[in-house]
Amino acid sequence: MTSRMERFLTFSAEVTAYSRFELRGTGLADAYLATVEEVVGRQVLDEVLDRYDAAVASAENGASLSDRLRRDLFSDPRLGPIARNIVKMWYLGVWYELPRAWTDAYGALPKNVTFTVSAAAYTEGLLWPAIGANPPGAKAPGYGSWAQPPRIPVVR
(Lines give C-alpha, C1' and ligand atoms only; values in the text may rest on other atoms or scores of the structure.)
Protein backbone atom coordinates (compact mmCIF):
# COMPACT_ATOMS: atom_id res chain seq x y z
CA MET A 1 0.00 0.00 0.00
CA THR A 2 1.28 3.44 -0.92
CA SER A 3 1.78 5.83 1.97
CA ARG A 4 -0.25 9.00 2.30
CA MET A 5 2.96 11.01 1.84
CA GLU A 6 3.74 9.26 -1.44
CA ARG A 7 0.18 9.83 -2.67
CA PHE A 8 0.33 13.48 -1.55
CA LEU A 9 3.60 14.02 -3.40
CA THR A 10 2.30 12.32 -6.56
CA PHE A 11 -0.82 14.49 -6.54
CA SER A 12 1.20 17.61 -5.73
CA ALA A 13 3.69 16.95 -8.52
CA GLU A 14 0.86 16.68 -11.04
CA VAL A 15 -0.94 19.84 -9.98
CA THR A 16 2.14 22.03 -9.47
CA ALA A 17 4.09 20.86 -12.55
CA TYR A 18 7.15 20.22 -10.36
CA SER A 19 8.69 16.80 -9.89
CA ARG A 20 8.39 14.83 -6.69
CA PHE A 21 12.15 15.33 -6.34
CA GLU A 22 11.79 19.12 -6.59
CA LEU A 23 8.92 19.11 -4.10
CA ARG A 24 10.94 17.05 -1.63
CA GLY A 25 13.83 19.45 -2.20
CA THR A 26 11.85 22.31 -0.69
CA GLY A 27 12.05 20.54 2.65
CA LEU A 28 8.36 21.28 3.19
CA ALA A 29 6.57 18.11 2.12
CA ASP A 30 6.11 16.90 5.70
CA ALA A 31 4.93 20.30 6.91
CA TYR A 32 2.47 20.67 4.03
CA LEU A 33 1.02 17.21 4.48
CA ALA A 34 0.67 17.83 8.23
CA THR A 35 -1.00 21.18 7.54
CA VAL A 36 -3.66 19.67 5.30
CA GLU A 37 -4.27 16.84 7.78
CA GLU A 38 -4.58 19.29 10.68
CA VAL A 39 -6.92 21.69 8.90
CA VAL A 40 -9.29 19.36 7.02
CA GLY A 41 -8.47 15.97 8.52
CA ARG A 42 -6.98 12.78 7.11
CA GLN A 43 -10.30 11.45 5.85
CA VAL A 44 -10.98 14.50 3.67
CA LEU A 45 -7.39 14.52 2.40
CA ASP A 46 -7.79 10.85 1.50
CA GLU A 47 -10.94 11.76 -0.43
CA VAL A 48 -8.96 14.35 -2.42
CA LEU A 49 -6.23 11.79 -3.14
CA ASP A 50 -8.80 9.11 -4.03
CA ARG A 51 -10.45 11.51 -6.47
CA TYR A 52 -7.03 12.20 -7.99
CA ASP A 53 -6.36 8.46 -8.32
CA ALA A 54 -9.74 8.01 -10.03
CA ALA A 55 -8.89 10.79 -12.49
CA VAL A 56 -5.56 9.11 -13.27
CA ALA A 57 -7.34 5.79 -13.87
CA SER A 58 -9.83 7.51 -16.19
CA ALA A 59 -6.99 9.18 -18.05
CA GLU A 60 -5.34 5.81 -18.61
CA ASN A 61 -8.51 4.82 -20.48
CA GLY A 62 -8.09 7.62 -23.00
CA ALA A 63 -9.49 10.68 -21.21
CA SER A 64 -7.34 13.77 -20.62
CA LEU A 65 -6.00 13.88 -17.06
CA SER A 66 -6.19 17.67 -16.90
CA ASP A 67 -9.83 17.56 -18.06
CA ARG A 68 -10.68 14.87 -15.50
CA LEU A 69 -8.97 16.79 -12.70
CA ARG A 70 -10.71 20.01 -13.65
CA ARG A 71 -14.12 18.33 -13.87
CA ASP A 72 -13.95 15.72 -11.10
CA LEU A 73 -11.74 17.35 -8.48
CA PHE A 74 -11.11 21.06 -8.90
CA SER A 75 -14.76 21.80 -9.77
CA ASP A 76 -16.15 19.72 -6.91
CA PRO A 77 -17.78 22.08 -4.39
CA ARG A 78 -16.39 20.19 -1.37
CA LEU A 79 -12.99 18.91 -2.51
CA GLY A 80 -12.10 21.57 -5.10
CA PRO A 81 -11.30 24.38 -2.65
CA ILE A 82 -9.05 22.02 -0.67
CA ALA A 83 -7.22 20.85 -3.80
CA ARG A 84 -6.74 24.46 -4.91
CA ASN A 85 -5.43 25.35 -1.45
CA ILE A 86 -2.82 22.60 -1.72
CA VAL A 87 -1.56 24.10 -4.98
CA LYS A 88 -1.46 27.60 -3.49
CA MET A 89 0.33 26.29 -0.41
CA TRP A 90 3.14 24.79 -2.51
CA TYR A 91 3.56 28.02 -4.48
CA LEU A 92 3.13 30.59 -1.72
CA GLY A 93 3.72 28.74 1.55
CA VAL A 94 0.32 29.84 2.90
CA TRP A 95 -2.78 27.88 3.81
CA TYR A 96 -5.72 30.11 2.85
CA GLU A 97 -8.92 29.94 4.85
CA LEU A 98 -11.53 27.98 2.92
CA PRO A 99 -14.28 30.20 1.47
CA ARG A 100 -17.26 31.14 3.61
CA ALA A 101 -19.57 29.26 1.23
CA TRP A 102 -17.53 26.13 1.94
CA THR A 103 -17.81 26.44 5.71
CA ASP A 104 -21.53 27.28 5.42
CA ALA A 105 -22.08 24.10 3.40
CA TYR A 106 -19.70 21.68 5.12
CA GLY A 107 -19.11 23.12 8.57
CA ALA A 108 -16.50 25.26 10.25
CA LEU A 109 -13.11 23.75 10.99
CA PRO A 110 -11.23 25.01 14.07
CA LYS A 111 -7.86 25.35 12.29
CA ASN A 112 -9.25 26.73 9.03
CA VAL A 113 -7.64 30.17 9.10
CA THR A 114 -5.14 31.82 6.78
CA PHE A 115 -1.57 31.28 8.00
CA THR A 116 1.98 30.85 6.75
CA VAL A 117 2.91 27.21 7.20
CA SER A 118 6.45 27.86 8.44
CA ALA A 119 9.23 30.42 8.26
CA ALA A 120 10.84 28.40 5.46
CA ALA A 121 7.60 28.21 3.45
CA TYR A 122 7.99 31.76 2.11
CA THR A 123 11.58 31.30 0.95
CA GLU A 124 11.00 27.82 -0.51
CA GLY A 125 7.72 28.58 -2.28
CA LEU A 126 7.51 27.33 -5.85
CA LEU A 127 6.57 30.84 -6.95
CA TRP A 128 10.21 31.93 -6.91
CA PRO A 129 11.70 29.35 -9.28
CA ALA A 130 8.56 29.62 -11.43
CA ILE A 131 9.30 33.29 -12.13
CA GLY A 132 13.08 32.92 -12.05
CA ALA A 133 13.55 35.15 -9.02
CA ASN A 134 14.62 34.99 -5.40
CA PRO A 135 12.26 35.88 -2.55
CA PRO A 136 12.87 39.52 -1.58
CA GLY A 137 14.47 39.91 1.80
CA ALA A 138 15.00 36.19 2.26
CA LYS A 139 17.68 34.88 -0.10
CA ALA A 140 20.54 36.98 -1.29
CA PRO A 141 20.20 37.08 -5.08
CA GLY A 142 23.42 39.01 -5.63
CA TYR A 143 24.26 42.67 -5.92
CA GLY A 144 22.03 44.55 -8.37
CA SER A 145 20.04 41.51 -9.43
CA TRP A 146 16.75 43.26 -8.68
CA ALA A 147 17.60 46.07 -11.11
CA GLN A 148 16.19 43.93 -13.91
CA PRO A 149 12.79 42.19 -13.99
CA PRO A 150 12.83 38.45 -13.40
CA ARG A 151 13.04 36.23 -16.47
CA ILE A 152 10.44 33.54 -16.58
CA PRO A 153 12.15 30.31 -17.64
CA VAL A 154 10.98 28.62 -20.83
CA VAL A 155 9.12 25.40 -20.09
CA ARG A 156 9.98 22.61 -22.47
# chains A, B, ... in the order shown; residues from 1 in each chain; ligands from 1
>>> residues_around(residues="stretch 46-48 of chain A", least_positions_apart="6", cutoff="8 Å", atoms="only C-alpha atoms", output="JSON, numbers by chain")
{"A": [4, 73, 79, 82, 83]}
>>> select_by_dssp(residues="stretch 18-51 of chain A", states="helix (DSSP H, G or I)", output="list in words")
Arg20, Phe21, Glu22, Leu23, Arg24, Gly25, Ala29, Asp30, Ala31, Tyr32, Leu33, Ala34, Thr35, Val36, Glu37, Glu38, Val39, Val40, Arg42, Gln43, Val44, Leu45, Asp46, Glu47, Val48, Leu49, Asp50 and Arg51 of chain A
>>> residues_around(residues="A:Phe8", least_positions_apart="4", cutoff="9 Å", atoms="only C-alpha atoms", output="MDAnalysis selection string")
chainID A and resid 3:4 12:13 29 33 45 49
>>> residues_around(residues="A:Asn85", least_positions_apart="6", cutoff="8 Å", atoms="only C-alpha atoms", output="PDB file with C-alpha atoms, in the first residue's frame")
ATOM      1  CA  TRP A  95      -2.782  27.885   3.810  1.00  0.00           C
ATOM      2  CA  TYR A  96      -5.715  30.108   2.854  1.00  0.00           C
ATOM      3  CA  LEU A  98     -11.526  27.982   2.919  1.00  0.00           C
TER       4      LEU A  98
END
>>> atom_distance(atom1="atom CA of A:Thr114", atom2="atom CA of A:Glu97")
4.6 Å
>>> select_by_dssp(residues="stretch 9-119 of chain A", states="strand (DSSP E)", output="JSON list (two decimals) with N, CA, C and O atoms, in the first residue's frame")
[["chain", "number", "residue", "atom", "x", "y", "z"],
["A", 94, "VAL", "N", 1.42, 29.38, 2.06],
["A", 94, "VAL", "CA", 0.32, 29.84, 2.90],
["A", 94, "VAL", "C", -0.87, 28.91, 2.75],
["A", 94, "VAL", "O", -1.21, 28.52, 1.63],
["A", 95, "TRP", "N", -1.48, 28.54, 3.86],
["A", 95, "TRP", "CA", -2.78, 27.88, 3.81],
["A", 95, "TRP", "C", -3.81, 29.00, 3.88],
["A", 95, "TRP", "O", -3.81, 29.80, 4.81],
["A", 115, "PHE", "N", -2.84, 31.20, 7.27],
["A", 115, "PHE", "CA", -1.57, 31.28, 8.00],
["A", 115, "PHE", "C", -0.42, 30.81, 7.12],
["A", 115, "PHE", "O", -0.61, 30.03, 6.19],
["A", 116, "THR", "N", 0.76, 31.31, 7.41],
["A", 116, "THR", "CA", 1.98, 30.85, 6.75],
["A", 116, "THR", "C", 2.39, 29.56, 7.44],
["A", 116, "THR", "O", 2.47, 29.50, 8.67]]
>>> residues_around(residues="stretch 55-61 of chain A", least_positions_apart="6", cutoff="12 Å", atoms="only C-alpha atoms", output="number ranges by chain")
A: 10-11, 14, 48-49, 67-74
>>> closest_residue(among="A:Leu126, A:Leu109, A:Val117, A:Met89", to="A:Gly25", atoms="only C-alpha atoms")
A:Leu126
>>> closest_residue(among="A:Val40, A:Leu23, A:Ala119, A:Ala63", to="A:Thr103", atoms="only C-alpha atoms")
A:Val40
>>> residues_around(residues="A:Val154", least_positions_apart="3", cutoff="12 Å", atoms="only C-alpha atoms", output="number ranges by chain")
A: 129-132, 151
>>> atom_distance(atom1="atom CA of A:Lys111", atom2="atom CA of A:Ala34")
12.1 Å
